[in-house]
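Engineer: My structure is in input01.csv, and what it holds is CSV, C-alpha atoms:
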```csv
chain,number,residue,atom,x,y,z
F,1,MET,CA,70.6,196.0,59.0
F,2,SER,CA,71.1,194.4,55.6
F,3,SER,CA,72.2,190.8,55.5
F,4,ARG,CA,74.9,192.0,53.1
F,5,THR,CA,76.5,194.0,55.8
F,6,LEU,CA,80.0,192.8,56.6
F,7,PHE,CA,80.6,191.6,60.1
F,8,LEU,CA,84.1,192.1,61.5
F,9,SER,CA,85.5,192.7,65.0
F,10,LEU,CA,82.4,193.5,67.0
F,11,ILE,CA,82.1,195.1,70.5
F,12,ILE,CA,78.9,196.6,71.8
F,13,ALA,CA,79.0,198.9,74.8
F,14,THR,CA,75.9,200.4,76.4
F,15,VAL,CA,76.7,203.2,78.9
F,16,PRO,CA,74.1,205.1,80.8
F,17,MET,CA,75.1,208.7,81.1
F,18,LEU,CA,74.4,211.2,83.9
F,19,THR,CA,72.0,213.0,81.6
F,20,GLY,CA,69.8,209.8,81.3
F,21,CYS,CA,70.8,209.5,77.7
F,22,VAL,CA,72.1,206.1,76.5
F,23,VAL,CA,75.2,205.7,74.4
F,24,LYS,CA,75.5,202.8,72.1
F,25,ALA,CA,78.9,202.4,70.5
F,26,VAL,CA,80.7,199.8,68.5
F,27,GLY,CA,84.4,199.6,67.6
F,28,ALA,CA,87.4,197.4,67.0
F,29,ALA,CA,89.6,195.9,69.7
F,30,ALA,CA,92.9,196.3,67.8
F,31,VAL,CA,93.5,199.8,66.5
F,32,SER,CA,96.2,202.1,65.2
F,33,ALA,CA,96.1,205.5,66.8
F,34,SER,CA,96.4,208.9,65.1
F,35,GLN,CA,95.3,207.6,61.7
F,36,GLU,CA,92.4,209.6,60.3
F,37,ARG,CA,90.5,209.7,57.0
F,38,THR,CA,92.8,210.5,54.2
F,39,THR,CA,92.1,213.2,51.5
F,40,GLY,CA,91.5,210.4,49.0
F,41,GLU,CA,89.0,208.7,51.4
F,42,ALA,CA,87.2,212.0,52.0
F,43,ILE,CA,86.8,212.6,48.2
F,44,ASP,CA,85.5,209.0,47.8
F,45,ASP,CA,83.0,209.5,50.6
F,46,ALA,CA,81.8,212.9,49.2
F,47,THR,CA,81.4,211.3,45.7
F,48,LEU,CA,79.5,208.3,47.2
F,49,SER,CA,77.2,210.5,49.2
F,50,SER,CA,76.4,212.7,46.2
F,51,ASP,CA,75.7,209.6,44.1
F,52,ILE,CA,73.3,208.0,46.6
F,53,LYS,CA,71.5,211.3,47.2
F,54,SER,CA,71.0,211.7,43.4
F,55,LYS,CA,69.5,208.2,43.3
F,56,LEU,CA,67.1,208.9,46.2
F,57,ASN,CA,66.1,212.3,44.8
F,58,VAL,CA,64.6,210.6,41.8
F,59,HIS,CA,61.9,209.1,44.0
F,60,GLY,CA,59.9,211.8,45.8
F,61,SER,CA,58.7,209.3,48.3
F,62,LEU,CA,62.3,209.1,49.6
F,63,ASN,CA,62.8,212.8,50.2
F,64,GLU,CA,63.0,212.5,54.0
F,65,VAL,CA,65.9,210.0,53.9
F,66,ASP,CA,69.2,211.5,55.0
F,67,VAL,CA,72.6,210.2,53.9
F,68,GLU,CA,76.0,210.3,55.7
F,69,VAL,CA,79.1,208.5,54.5
F,70,ALA,CA,82.5,207.9,56.2
F,71,GLY,CA,85.1,205.4,55.1
F,72,GLY,CA,82.7,203.8,52.7
F,73,LEU,CA,80.2,203.2,55.4
F,74,VAL,CA,76.8,204.6,54.4
F,75,LEU,CA,74.3,205.7,57.1
F,76,LEU,CA,70.7,206.1,56.0
F,77,SER,CA,68.4,207.8,58.5
F,78,GLY,CA,65.1,209.6,58.5
F,79,ARG,CA,61.6,208.3,57.6
F,80,VAL,CA,59.6,206.7,54.9
F,81,SER,CA,55.9,205.7,54.7
F,82,SER,CA,56.3,202.0,54.1
F,83,PRO,CA,58.7,199.0,54.6
F,84,GLU,CA,58.9,198.7,50.8
F,85,LEU,CA,60.3,202.2,50.6
F,86,ARG,CA,62.8,201.5,53.4
F,87,ILE,CA,64.1,198.5,51.3
F,88,MET,CA,64.2,200.6,48.2
F,89,ALA,CA,66.3,203.2,49.8
F,90,GLU,CA,68.8,200.6,51.0
F,91,ASP,CA,68.9,198.9,47.6
F,92,LEU,CA,69.6,202.2,45.9
F,93,ALA,CA,72.4,202.9,48.3
F,94,TRP,CA,73.9,199.5,47.7
F,95,SER,CA,73.7,200.1,43.9
F,96,SER,CA,76.6,202.6,44.2
F,97,ARG,CA,79.8,200.8,43.5
F,98,ARG,CA,81.7,202.7,46.2
F,99,THR,CA,79.4,201.5,49.0
F,100,GLN,CA,81.4,199.2,51.3
F,101,ASP,CA,79.0,198.8,54.2
F,102,LEU,CA,75.6,200.1,55.1
F,103,ALA,CA,73.6,201.0,58.2
F,104,ASN,CA,69.9,201.4,57.6
F,105,GLU,CA,68.4,203.4,60.5
F,106,ILE,CA,65.3,204.6,58.4
F,107,ILE,CA,62.1,204.5,60.4
F,108,VAL,CA,58.7,203.6,58.9
F,109,GLU,CA,56.2,206.3,59.9
F,110,ALA,CA,54.0,209.1,58.6
F,111,PRO,CA,55.7,212.1,57.1
F,112,GLY,CA,57.0,214.6,59.7
F,113,GLY,CA,56.5,218.3,60.2
F,114,THR,CA,58.8,221.3,59.9
F,115,LEU,CA,58.8,221.7,63.7
F,116,ALA,CA,60.2,218.2,64.3
F,117,ASN,CA,62.9,218.7,61.6
F,118,ALA,CA,63.9,222.0,63.1
F,119,SER,CA,64.2,220.4,66.5
F,120,ASP,CA,66.5,217.7,65.2
F,121,GLU,CA,68.6,220.4,63.4
F,122,LEU,CA,69.0,222.3,66.6
F,123,ILE,CA,70.1,219.2,68.5
F,124,SER,CA,72.7,218.4,65.7
F,125,ALA,CA,74.0,222.0,66.1
F,126,ARG,CA,74.3,221.6,69.8
F,127,VAL,CA,76.2,218.3,69.4
F,128,ARG,CA,78.6,219.8,66.8
F,129,ALA,CA,79.3,222.7,69.2
F,130,ARG,CA,80.2,220.4,72.0
F,131,LEU,CA,82.5,218.4,69.8
F,132,LEU,CA,84.1,221.6,68.5
F,133,GLY,CA,84.7,222.7,72.1
F,134,SER,CA,86.2,219.4,73.3
F,135,SER,CA,90.0,219.2,73.6
F,136,SER,CA,89.7,215.4,73.2
F,137,VAL,CA,87.8,215.3,69.9
F,138,LYS,CA,88.8,216.6,66.4
F,139,SER,CA,85.3,217.6,65.4
F,140,SER,CA,86.2,217.6,61.6
F,141,ASN,CA,86.5,213.8,61.9
F,142,ILE,CA,82.9,213.3,63.1
F,143,ASN,CA,79.6,213.6,61.1
F,144,VAL,CA,76.5,214.2,63.1
F,145,GLU,CA,72.9,213.3,62.1
F,146,THR,CA,69.8,213.5,64.4
F,147,TYR,CA,66.4,212.0,64.0
F,148,ASN,CA,63.6,212.2,66.7
F,149,GLY,CA,66.2,213.1,69.3
F,150,THR,CA,68.5,210.1,68.4
F,151,VAL,CA,72.0,211.3,67.5
F,152,TYR,CA,74.0,209.2,65.0
F,153,LEU,CA,77.8,209.8,64.9
F,154,LEU,CA,79.8,208.7,61.9
F,155,GLY,CA,83.5,209.0,61.2
F,156,ILE,CA,87.0,207.7,61.8
F,157,ALA,CA,88.5,208.5,65.2
F,158,ARG,CA,92.2,208.8,66.0
F,159,SER,CA,92.0,206.6,69.1
F,160,GLU,CA,89.5,204.6,71.3
F,161,ASP,CA,89.5,207.5,73.8
F,162,GLU,CA,88.5,210.0,71.1
F,163,LEU,CA,85.7,207.6,69.9
F,164,GLN,CA,84.4,207.3,73.5
F,165,ARG,CA,84.7,211.0,74.2
F,166,ALA,CA,82.8,212.0,71.1
F,167,ALA,CA,79.8,209.8,72.1
F,168,GLU,CA,80.0,211.2,75.7
F,169,GLU,CA,80.1,214.8,74.5
F,170,ALA,CA,77.1,214.2,72.2
F,171,SER,CA,75.1,212.7,75.1
F,172,TYR,CA,75.4,215.9,77.1
F,173,ALA,CA,73.9,218.1,74.4
F,174,GLY,CA,70.4,219.4,75.2
F,175,GLY,CA,67.5,217.4,73.7
F,176,VAL,CA,69.5,214.3,73.0
F,177,GLN,CA,67.5,211.1,73.9
F,178,ARG,CA,70.2,208.6,72.9
F,179,VAL,CA,73.5,208.4,70.9
F,180,ILE,CA,74.3,205.7,68.4
F,181,SER,CA,78.0,205.8,67.4
F,182,TYR,CA,79.1,204.4,64.1
F,183,ILE,CA,82.5,206.0,64.6
F,184,ARG,CA,85.2,203.5,63.5
F,185,LEU,CA,88.9,203.0,64.1
F,186,ARG,CA,91.7,201.5,62.0
F,187,ASP,CA,93.1,198.0,62.6
F,188,ALA,CA,96.8,197.3,63.1
F,189,ASN,CA,97.3,197.3,59.3
F,190,GLY,CA,95.8,200.8,59.0
F,191,ASP,CA,92.6,199.6,57.4
F,192,VAL,CA,89.2,201.0,58.5
F,193,VAL,CA,87.4,198.3,60.4
F,194,THR,CA,83.9,197.4,59.1
F,195,TYR,CA,81.2,196.2,61.5
F,196,ASN,CA,77.5,196.0,62.2
F,197,PRO,CA,76.6,198.4,65.0
F,198,GLY,CA,73.6,196.3,66.2
F,199,GLN,CA,71.1,197.6,68.7
F,200,ALA,CA,71.3,197.0,72.5
F,201,ASP,CA,68.3,196.7,74.7
```
Would you write the structure of this file as structure tokens?
Structural biologist:
Amino acid sequence: MSSRTLFLSLIIATVPMLTGCVVKAVGAAAVSASQERTTGEAIDDATLSSDIKSKLNVHGSLNEVDVEVAGGLVLLSGRVSSPELRIMAEDLAWSSRRTQDLANEIIVEAPGGTLANASDELISARVRARLLGSSSVKSSNINVETYNGTVYLLGIARSEDELQRAAEEASYAGGVQRVISYIRLRDANGDVVTYNPGQAD
């Protein structure tokens, strides 16, 4: 995670699920329920995502980096062939003026194959289906990205219960090895809480 990442109200919870998958979630202690991403925030996020993807696409060596954005928090995932490229991708993401916070989950390894990518896409589809079928989760609030069986969740939940349920539902989907939740809540003032989701053992 970049040293420029802002650190605010941090809680890390590691919960073993019945499926053997591990859920890693971070959120804020003080929240205001039933406040989701506004239309303006959604437009800003879409604009930011498009801007970062355009910057990455200029460099062919970064074509396996995926970008997700929610509430100004940028999630980078996927793979690159060297640590230098990992840093480059992060720097390019930070160069967009709308970037408020950044989580760099890019892995340094050799380029992957079509089969591995297809497997991750299938897992993402299964997770989205579970979120869509859950009465406790508004699936449109949650972005899903999968890499090597690790599912990343990003978005703004209406409540702590929805945040937890989304991670739990994702963990039950077939093929999921672990879930890392970057889903956030709003504080008592209605502001989206920014945090560093750190890694648990």
Engineer: Please measure the separation of atom CA of F:Ser159 and atom CA of F:Asp44, giving the value in Å to one decimal.
Structural biologist: 22.4 Å
Engineer: Between F:Glu160, F:Glu168, F:Asp66, F:Glu90, which is the closest to F:Glu145 once you count only C-alpha atoms?
Structural biologist: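 Of F:Glu160, F:Glu168, F:Asp66, F:Glu90, the one nearest F:Glu145 is F:Asp66, counting only C-alpha atoms.
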Engineer: Identify the residues around (78.6, 211.1, 71.6) within a radius of 9 Å, measuring from only C-alpha atoms in the coordinates stated by the file, and give them as a PyMOL selection string.
Structural biologist: chain F and resi 23-25+127+131+151-153+163-173+178-181
Engineer: Using atom CA of F:Ala42 and atom CA of F:Ser95 as the two end points, give the distance in Å to one decimal.
Structural biologist: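 Value for the atom CA of F:Ala42-atom CA of F:Ser95 distance: 19.7 Å.
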Engineer: Find the residue from F:Leu122, F:Ile183, F:Ala129, F:Leu75 that sits nearest to F:Asn104; use all atoms listed in the file when measuring.
Structural biologist: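 Closest residue, counting all atoms listed in the file: F:Leu75.
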Engineer: Around the point (59.6, 213.2, 57.6) (coordinates from the file), which residues reach within 12 Å if we count all atoms listed in the file? Answer as a list in words.
Structural biologist: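 The distance filter leaves exactly Gly60, Ser61, Leu62, Asn63, Glu64, Val65, Asp66, Ser77, Gly78, Arg79, Val80, Ser81, Ile106, Ile107, Val108, Glu109, Ala110, Pro111, Gly112, Gly113, Thr114, Leu115, Ala116, Asn117, Ala118, Asp120, Tyr147 and Asn148 of chain F.
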Engineer: So, counting all atoms listed in the file, which residue among F:Lys138, F:Ser54, F:Thr99, F:Leu132 is closest to F:Gly155?
Structural biologist: F:Lys138
Engineer: Report the distance between atom CA of F:Glu105 and atom CA of F:Thr150 in Å, rounded to one decimal place.
Structural biologist: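 Atom-to-atom, atom CA of F:Glu105 and atom CA of F:Thr150 are spaced 10.4 Å apart.
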Engineer: Pick out the closest residue to F:Ser119 from this set: F:Ile43, F:Asn189, F:Lys55, F:Gly175. Count all atoms listed in the file.
Structural biologist: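 Closest to F:Ser119 of all the choices is F:Gly175.
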Engineer: Using all atoms listed in the file, can you tell me which of F:Asp45, F:Asp187, F:Asp161, F:Glu121 comes closest to F:Gly71?
Structural biologist: F:Asp45
Engineer: Looking at all atoms listed in the file, which of F:Ile156, F:Arg97, F:Thr146, F:Asn141 is the one that sits closest to F:Asp191?
Structural biologist: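 Among the listed residues, F:Ile156 lies closest to F:Asp191.
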